[in-house]
$ cat input.cif   # mmCIF, C-alpha atoms
data_model
#
loop_
_atom_site.label_atom_id
_atom_site.label_comp_id
_atom_site.auth_asym_id
_atom_site.auth_seq_id
_atom_site.Cartn_x
_atom_site.Cartn_y
_atom_site.Cartn_z
CA MET A 1 207.77 65.60 87.83
CA CYS A 2 208.65 63.64 90.98
CA GLU A 3 205.25 64.30 92.53
CA SER A 4 203.40 63.42 89.31
CA LYS A 5 205.17 60.03 89.39
CA GLY A 6 204.04 59.48 92.99
CA ILE A 7 207.52 60.15 94.36
CA VAL A 8 207.51 62.24 97.52
CA LYS A 9 211.03 63.08 98.64
CA GLU A 10 213.22 66.09 99.24
CA ALA A 11 214.08 68.04 96.10
CA LYS A 12 217.80 68.40 95.50
CA VAL A 13 217.83 70.57 92.37
CA VAL A 14 215.85 73.31 90.66
CA ASP A 15 215.17 72.35 87.05
CA HIS A 16 214.03 74.42 84.07
CA VAL A 17 210.73 72.96 82.78
CA ILE A 18 211.67 74.22 79.32
CA PRO A 19 215.42 73.51 79.04
CA TYR A 20 217.65 76.56 79.48
CA PRO A 21 219.01 76.70 75.93
CA LEU A 22 215.41 76.78 74.63
CA CYS A 23 213.78 79.11 77.14
CA GLU A 24 213.90 82.86 76.78
CA ASP A 25 214.80 83.81 80.36
CA PHE A 26 217.08 81.71 82.59
CA TRP A 27 215.76 83.52 85.68
CA ASP A 28 212.01 83.07 84.97
CA GLU A 29 210.83 81.36 88.16
CA LYS A 30 207.63 80.18 86.43
CA ASN A 31 209.89 77.87 84.40
CA TRP A 32 211.46 76.27 87.48
CA GLN A 33 210.49 73.02 89.19
CA PRO A 34 212.02 71.18 92.15
CA LEU A 35 213.29 67.68 91.35
CA CYS A 36 215.02 64.86 93.17
CA ASN A 37 218.36 63.72 91.73
CA GLU A 38 216.88 60.68 89.98
CA CYS A 39 214.12 62.65 88.22
CA ASN A 40 216.61 65.39 87.30
CA ILE A 41 218.86 62.85 85.56
CA GLU A 42 215.88 61.30 83.75
CA LYS A 43 214.58 64.67 82.60
CA GLY A 44 218.07 65.86 81.69
CA ASN A 45 218.45 62.93 79.31
CA ARG A 46 215.12 63.82 77.65
CA ASP A 47 216.14 67.49 77.50
CA LYS A 48 219.37 66.60 75.67
CA LYS A 49 217.34 64.84 72.96
CA LEU A 50 214.99 67.84 72.75
CA ILE A 51 217.88 70.30 72.48
CA ASN A 52 219.41 68.19 69.75
CA GLY A 53 216.10 68.17 67.85
CA ARG A 54 215.06 64.56 68.52
CA GLY A 55 212.12 64.99 70.90
CA SER A 56 209.21 67.10 72.07
CA THR A 57 208.58 69.01 75.29
CA GLY A 58 205.58 66.95 76.37
CA ASN A 59 204.31 67.45 79.88
CA ASP A 60 207.38 67.21 82.08
CA ARG A 61 205.90 68.67 85.23
#
$ encode --input "input.cif" --output "structure tokens"
Amino acid sequence: MCESKGIVKEAKVVDHVIPYPLCEDFWDEKNWQPLCNECNIEKGNRDKKLINGRGSTGNDR
């Protein structure tokens, strides 16, 4: 997500592309992506809406 936005900086977190409550396997590394703190917060806010049924997955990578 950071890289797709043109942001090149050190990743601080590993994020689940498909949010954990919705994915089948927490430990599936194919569902992980590195994110900086800012992008993690932004995506986390979108994920909360998705988990609560008010959004779509889209292309978050």
$ residues_near_point --input "input.cif" --point "(213.1, 68.7, 91.0)" --cutoff "10 Å" --atoms "all atoms listed in the file" --output "list in words"
Met1, Cys2, Glu3, Lys9, Glu10, Ala11, Lys12, Val13, Val14, Asp15, His16, Val17, Trp32, Gln33, Pro34, Leu35, Cys36, Asn37, Glu38, Cys39, Asn40, Ile41, Lys43 and Arg61 of chain A
$ closest_residue --input "input.cif" --among "A:Asp25, A:Gly6, A:Asn31, A:Pro19" --to "Asn45 (chain A)" --atoms "all atoms listed in the file"
A:Pro19
$ atom_distance --input "input.cif" --atom1 "CA of Leu50 (chain A)" --atom2 "CA of Val8 (chain A)"
26.5 Å
$ atom_distance --input "input.cif" --atom1 "CA of Phe26 (chain A)" --atom2 "CA of Lys48 (chain A)"
16.8 Å
$ atom_distance --input "input.cif" --atom1 "CA of Ile51 (chain A)" --atom2 "CA of Leu22 (chain A)"
7.3 Å
$ decode --input "input.cif" --residues "region 4-39 of chain A" --atoms "N, CA, C and O atoms" --output "PDB file, in the first residue's frame"
ATOM      1  N   SER A   4       2.521   1.562  -3.404  1.00  0.00           N
ATOM      2  CA  SER A   4       1.572   1.911  -4.461  1.00  0.00           C
ATOM      3  C   SER A   4       1.170   3.381  -4.401  1.00  0.00           C
ATOM      4  O   SER A   4       0.713   3.941  -5.385  1.00  0.00           O
ATOM      5  N   LYS A   5       1.344   4.009  -3.236  1.00  0.00           N
ATOM      6  CA  LYS A   5       1.047   5.437  -3.082  1.00  0.00           C
ATOM      7  C   LYS A   5       2.279   6.290  -3.336  1.00  0.00           C
ATOM      8  O   LYS A   5       2.240   7.496  -3.161  1.00  0.00           O
ATOM      9  N   GLY A   6       3.395   5.643  -3.730  1.00  0.00           N
ATOM     10  CA  GLY A   6       4.628   6.372  -3.987  1.00  0.00           C
ATOM     11  C   GLY A   6       5.413   6.683  -2.725  1.00  0.00           C
ATOM     12  O   GLY A   6       6.315   7.497  -2.742  1.00  0.00           O
ATOM     13  N   ILE A   7       5.059   6.032  -1.625  1.00  0.00           N
ATOM     14  CA  ILE A   7       5.745   6.254  -0.355  1.00  0.00           C
ATOM     15  C   ILE A   7       6.813   5.174  -0.200  1.00  0.00           C
ATOM     16  O   ILE A   7       6.499   3.992  -0.200  1.00  0.00           O
ATOM     17  N   VAL A   8       8.052   5.597  -0.088  1.00  0.00           N
ATOM     18  CA  VAL A   8       9.144   4.643   0.117  1.00  0.00           C
ATOM     19  C   VAL A   8       9.775   4.985   1.462  1.00  0.00           C
ATOM     20  O   VAL A   8      10.470   5.986   1.602  1.00  0.00           O
ATOM     21  N   LYS A   9       9.459   4.155   2.445  1.00  0.00           N
ATOM     22  CA  LYS A   9      10.032   4.335   3.783  1.00  0.00           C
ATOM     23  C   LYS A   9      10.022   2.989   4.482  1.00  0.00           C
ATOM     24  O   LYS A   9       9.404   2.043   4.023  1.00  0.00           O
ATOM     25  N   GLU A  10      10.708   2.920   5.585  1.00  0.00           N
ATOM     26  CA  GLU A  10      10.815   1.679   6.339  1.00  0.00           C
ATOM     27  C   GLU A  10       9.448   1.232   6.852  1.00  0.00           C
ATOM     28  O   GLU A  10       8.688   2.027   7.411  1.00  0.00           O
ATOM     29  N   ALA A  11       9.136  -0.037   6.634  1.00  0.00           N
ATOM     30  CA  ALA A  11       7.897  -0.600   7.171  1.00  0.00           C
ATOM     31  C   ALA A  11       8.049  -0.779   8.679  1.00  0.00           C
ATOM     32  O   ALA A  11       9.121  -1.133   9.170  1.00  0.00           O
ATOM     33  N   LYS A  12       6.988  -0.520   9.390  1.00  0.00           N
ATOM     34  CA  LYS A  12       6.998  -0.653  10.847  1.00  0.00           C
ATOM     35  C   LYS A  12       6.087  -1.776  11.326  1.00  0.00           C
ATOM     36  O   LYS A  12       6.209  -2.228  12.455  1.00  0.00           O
ATOM     37  N   VAL A  13       5.143  -2.191  10.476  1.00  0.00           N
ATOM     38  CA  VAL A  13       4.195  -3.235  10.882  1.00  0.00           C
ATOM     39  C   VAL A  13       3.970  -4.205   9.734  1.00  0.00           C
ATOM     40  O   VAL A  13       4.206  -3.889   8.570  1.00  0.00           O
ATOM     41  N   VAL A  14       3.505  -5.398  10.085  1.00  0.00           N
ATOM     42  CA  VAL A  14       3.045  -6.368   9.100  1.00  0.00           C
ATOM     43  C   VAL A  14       1.526  -6.393   9.209  1.00  0.00           C
ATOM     44  O   VAL A  14       0.972  -6.619  10.278  1.00  0.00           O
ATOM     45  N   ASP A  15       0.872  -6.122   8.096  1.00  0.00           N
ATOM     46  CA  ASP A  15      -0.579  -6.004   8.041  1.00  0.00           C
ATOM     47  C   ASP A  15      -1.175  -7.192   7.303  1.00  0.00           C
ATOM     48  O   ASP A  15      -0.543  -7.761   6.417  1.00  0.00           O
ATOM     49  N   HIS A  16      -2.395  -7.568   7.666  1.00  0.00           N
ATOM     50  CA  HIS A  16      -3.145  -8.571   6.916  1.00  0.00           C
ATOM     51  C   HIS A  16      -3.877  -7.859   5.784  1.00  0.00           C
ATOM     52  O   HIS A  16      -4.652  -6.941   6.037  1.00  0.00           O
ATOM     53  N   VAL A  17      -3.622  -8.251   4.529  1.00  0.00           N
ATOM     54  CA  VAL A  17      -4.300  -7.656   3.380  1.00  0.00           C
ATOM     55  C   VAL A  17      -5.807  -7.805   3.559  1.00  0.00           C
ATOM     56  O   VAL A  17      -6.561  -6.845   3.478  1.00  0.00           O
ATOM     57  N   ILE A  18      -6.255  -9.036   3.792  1.00  0.00           N
ATOM     58  CA  ILE A  18      -7.639  -9.292   4.184  1.00  0.00           C
ATOM     59  C   ILE A  18      -7.627  -9.268   5.702  1.00  0.00           C
ATOM     60  O   ILE A  18      -6.892 -10.028   6.323  1.00  0.00           O
ATOM     61  N   PRO A  19      -8.412  -8.397   6.332  1.00  0.00           N
ATOM     62  CA  PRO A  19      -8.351  -8.241   7.790  1.00  0.00           C
ATOM     63  C   PRO A  19      -8.492  -9.575   8.524  1.00  0.00           C
ATOM     64  O   PRO A  19      -9.265 -10.448   8.111  1.00  0.00           O
ATOM     65  N   TYR A  20      -7.767  -9.705   9.627  1.00  0.00           N
ATOM     66  CA  TYR A  20      -7.729 -10.955  10.386  1.00  0.00           C
ATOM     67  C   TYR A  20      -9.110 -11.534  10.702  1.00  0.00           C
ATOM     68  O   TYR A  20      -9.321 -12.714  10.467  1.00  0.00           O
ATOM     69  N   PRO A  21     -10.063 -10.795  11.166  1.00  0.00           N
ATOM     70  CA  PRO A  21     -11.341 -11.451  11.470  1.00  0.00           C
ATOM     71  C   PRO A  21     -12.022 -12.049  10.238  1.00  0.00           C
ATOM     72  O   PRO A  21     -12.874 -12.918  10.370  1.00  0.00           O
ATOM     73  N   LEU A  22     -11.639 -11.600   9.041  1.00  0.00           N
ATOM     74  CA  LEU A  22     -12.280 -12.081   7.816  1.00  0.00           C
ATOM     75  C   LEU A  22     -11.457 -13.111   7.061  1.00  0.00           C
ATOM     76  O   LEU A  22     -11.989 -13.796   6.196  1.00  0.00           O
ATOM     77  N   CYS A  23     -10.169 -13.212   7.353  1.00  0.00           N
ATOM     78  CA  CYS A  23      -9.337 -14.192   6.657  1.00  0.00           C
ATOM     79  C   CYS A  23      -9.439 -15.545   7.355  1.00  0.00           C
ATOM     80  O   CYS A  23      -9.830 -15.636   8.508  1.00  0.00           O
ATOM     81  N   GLU A  24      -9.081 -16.580   6.628  1.00  0.00           N
ATOM     82  CA  GLU A  24      -9.211 -17.927   7.174  1.00  0.00           C
ATOM     83  C   GLU A  24      -8.028 -18.344   8.039  1.00  0.00           C
ATOM     84  O   GLU A  24      -8.184 -19.159   8.934  1.00  0.00           O
ATOM     85  N   ASP A  25      -6.848 -17.804   7.757  1.00  0.00           N
ATOM     86  CA  ASP A  25      -5.642 -18.264   8.453  1.00  0.00           C
ATOM     87  C   ASP A  25      -4.779 -17.058   8.851  1.00  0.00           C
ATOM     88  O   ASP A  25      -4.184 -16.408   7.995  1.00  0.00           O
ATOM     89  N   PHE A  26      -4.724 -16.771  10.133  1.00  0.00           N
ATOM     90  CA  PHE A  26      -3.930 -15.652  10.652  1.00  0.00           C
ATOM     91  C   PHE A  26      -2.480 -15.730  10.192  1.00  0.00           C
ATOM     92  O   PHE A  26      -1.847 -14.711   9.932  1.00  0.00           O
ATOM     93  N   TRP A  27      -1.937 -16.940  10.078  1.00  0.00           N
ATOM     94  CA  TRP A  27      -0.515 -17.135   9.784  1.00  0.00           C
ATOM     95  C   TRP A  27      -0.209 -17.304   8.301  1.00  0.00           C
ATOM     96  O   TRP A  27       0.917 -17.639   7.934  1.00  0.00           O
ATOM     97  N   ASP A  28      -1.159 -17.061   7.412  1.00  0.00           N
ATOM     98  CA  ASP A  28      -0.935 -17.174   5.972  1.00  0.00           C
ATOM     99  C   ASP A  28      -0.095 -15.988   5.493  1.00  0.00           C
ATOM    100  O   ASP A  28      -0.589 -14.864   5.359  1.00  0.00           O
ATOM    101  N   GLU A  29       1.176 -16.229   5.230  1.00  0.00           N
ATOM    102  CA  GLU A  29       2.102 -15.161   4.855  1.00  0.00           C
ATOM    103  C   GLU A  29       1.738 -14.503   3.530  1.00  0.00           C
ATOM    104  O   GLU A  29       2.141 -13.372   3.269  1.00  0.00           O
ATOM    105  N   LYS A  30       0.962 -15.183   2.680  1.00  0.00           N
ATOM    106  CA  LYS A  30       0.536 -14.576   1.413  1.00  0.00           C
ATOM    107  C   LYS A  30      -0.458 -13.449   1.671  1.00  0.00           C
ATOM    108  O   LYS A  30      -0.708 -12.633   0.788  1.00  0.00           O
ATOM    109  N   ASN A  31      -1.009 -13.386   2.856  1.00  0.00           N
ATOM    110  CA  ASN A  31      -1.975 -12.353   3.231  1.00  0.00           C
ATOM    111  C   ASN A  31      -1.311 -11.225   4.031  1.00  0.00           C
ATOM    112  O   ASN A  31      -1.990 -10.385   4.593  1.00  0.00           O
ATOM    113  N   TRP A  32      -0.009 -11.212   4.090  1.00  0.00           N
ATOM    114  CA  TRP A  32       0.709 -10.185   4.848  1.00  0.00           C
ATOM    115  C   TRP A  32       1.289  -9.140   3.898  1.00  0.00           C
ATOM    116  O   TRP A  32       1.673  -9.442   2.773  1.00  0.00           O
ATOM    117  N   GLN A  33       1.373  -7.899   4.383  1.00  0.00           N
ATOM    118  CA  GLN A  33       2.061  -6.844   3.646  1.00  0.00           C
ATOM    119  C   GLN A  33       2.733  -5.904   4.647  1.00  0.00           C
ATOM    120  O   GLN A  33       2.185  -5.646   5.713  1.00  0.00           O
ATOM    121  N   PRO A  34       3.924  -5.419   4.301  1.00  0.00           N
ATOM    122  CA  PRO A  34       4.595  -4.461   5.184  1.00  0.00           C
ATOM    123  C   PRO A  34       3.994  -3.073   4.974  1.00  0.00           C
ATOM    124  O   PRO A  34       3.720  -2.672   3.843  1.00  0.00           O
ATOM    125  N   LEU A  35       3.768  -2.350   6.067  1.00  0.00           N
ATOM    126  CA  LEU A  35       3.234  -0.989   5.977  1.00  0.00           C
ATOM    127  C   LEU A  35       3.967  -0.063   6.941  1.00  0.00           C
ATOM    128  O   LEU A  35       4.427  -0.488   7.997  1.00  0.00           O
ATOM    129  N   CYS A  36       4.023   1.211   6.575  1.00  0.00           N
ATOM    130  CA  CYS A  36       4.498   2.218   7.517  1.00  0.00           C
ATOM    131  C   CYS A  36       3.345   2.508   8.496  1.00  0.00           C
ATOM    132  O   CYS A  36       2.207   2.106   8.271  1.00  0.00           O
ATOM    133  N   ASN A  37       3.652   3.202   9.573  1.00  0.00           N
ATOM    134  CA  ASN A  37       2.617   3.477  10.582  1.00  0.00           C
ATOM    135  C   ASN A  37       1.432   4.242  10.004  1.00  0.00           C
ATOM    136  O   ASN A  37       0.277   3.930  10.300  1.00  0.00           O
ATOM    137  N   GLU A  38       1.702   5.246   9.176  1.00  0.00           N
ATOM    138  CA  GLU A  38       0.626   6.072   8.627  1.00  0.00           C
ATOM    139  C   GLU A  38      -0.322   5.252   7.752  1.00  0.00           C
ATOM    140  O   GLU A  38      -1.541   5.372   7.868  1.00  0.00           O
ATOM    141  N   CYS A  39       0.244   4.433   6.861  1.00  0.00           N
ATOM    142  CA  CYS A  39      -0.598   3.608   5.989  1.00  0.00           C
ATOM    143  C   CYS A  39      -1.337   2.537   6.792  1.00  0.00           C
ATOM    144  O   CYS A  39      -2.469   2.184   6.466  1.00  0.00           O
TER     145      CYS A  39
END
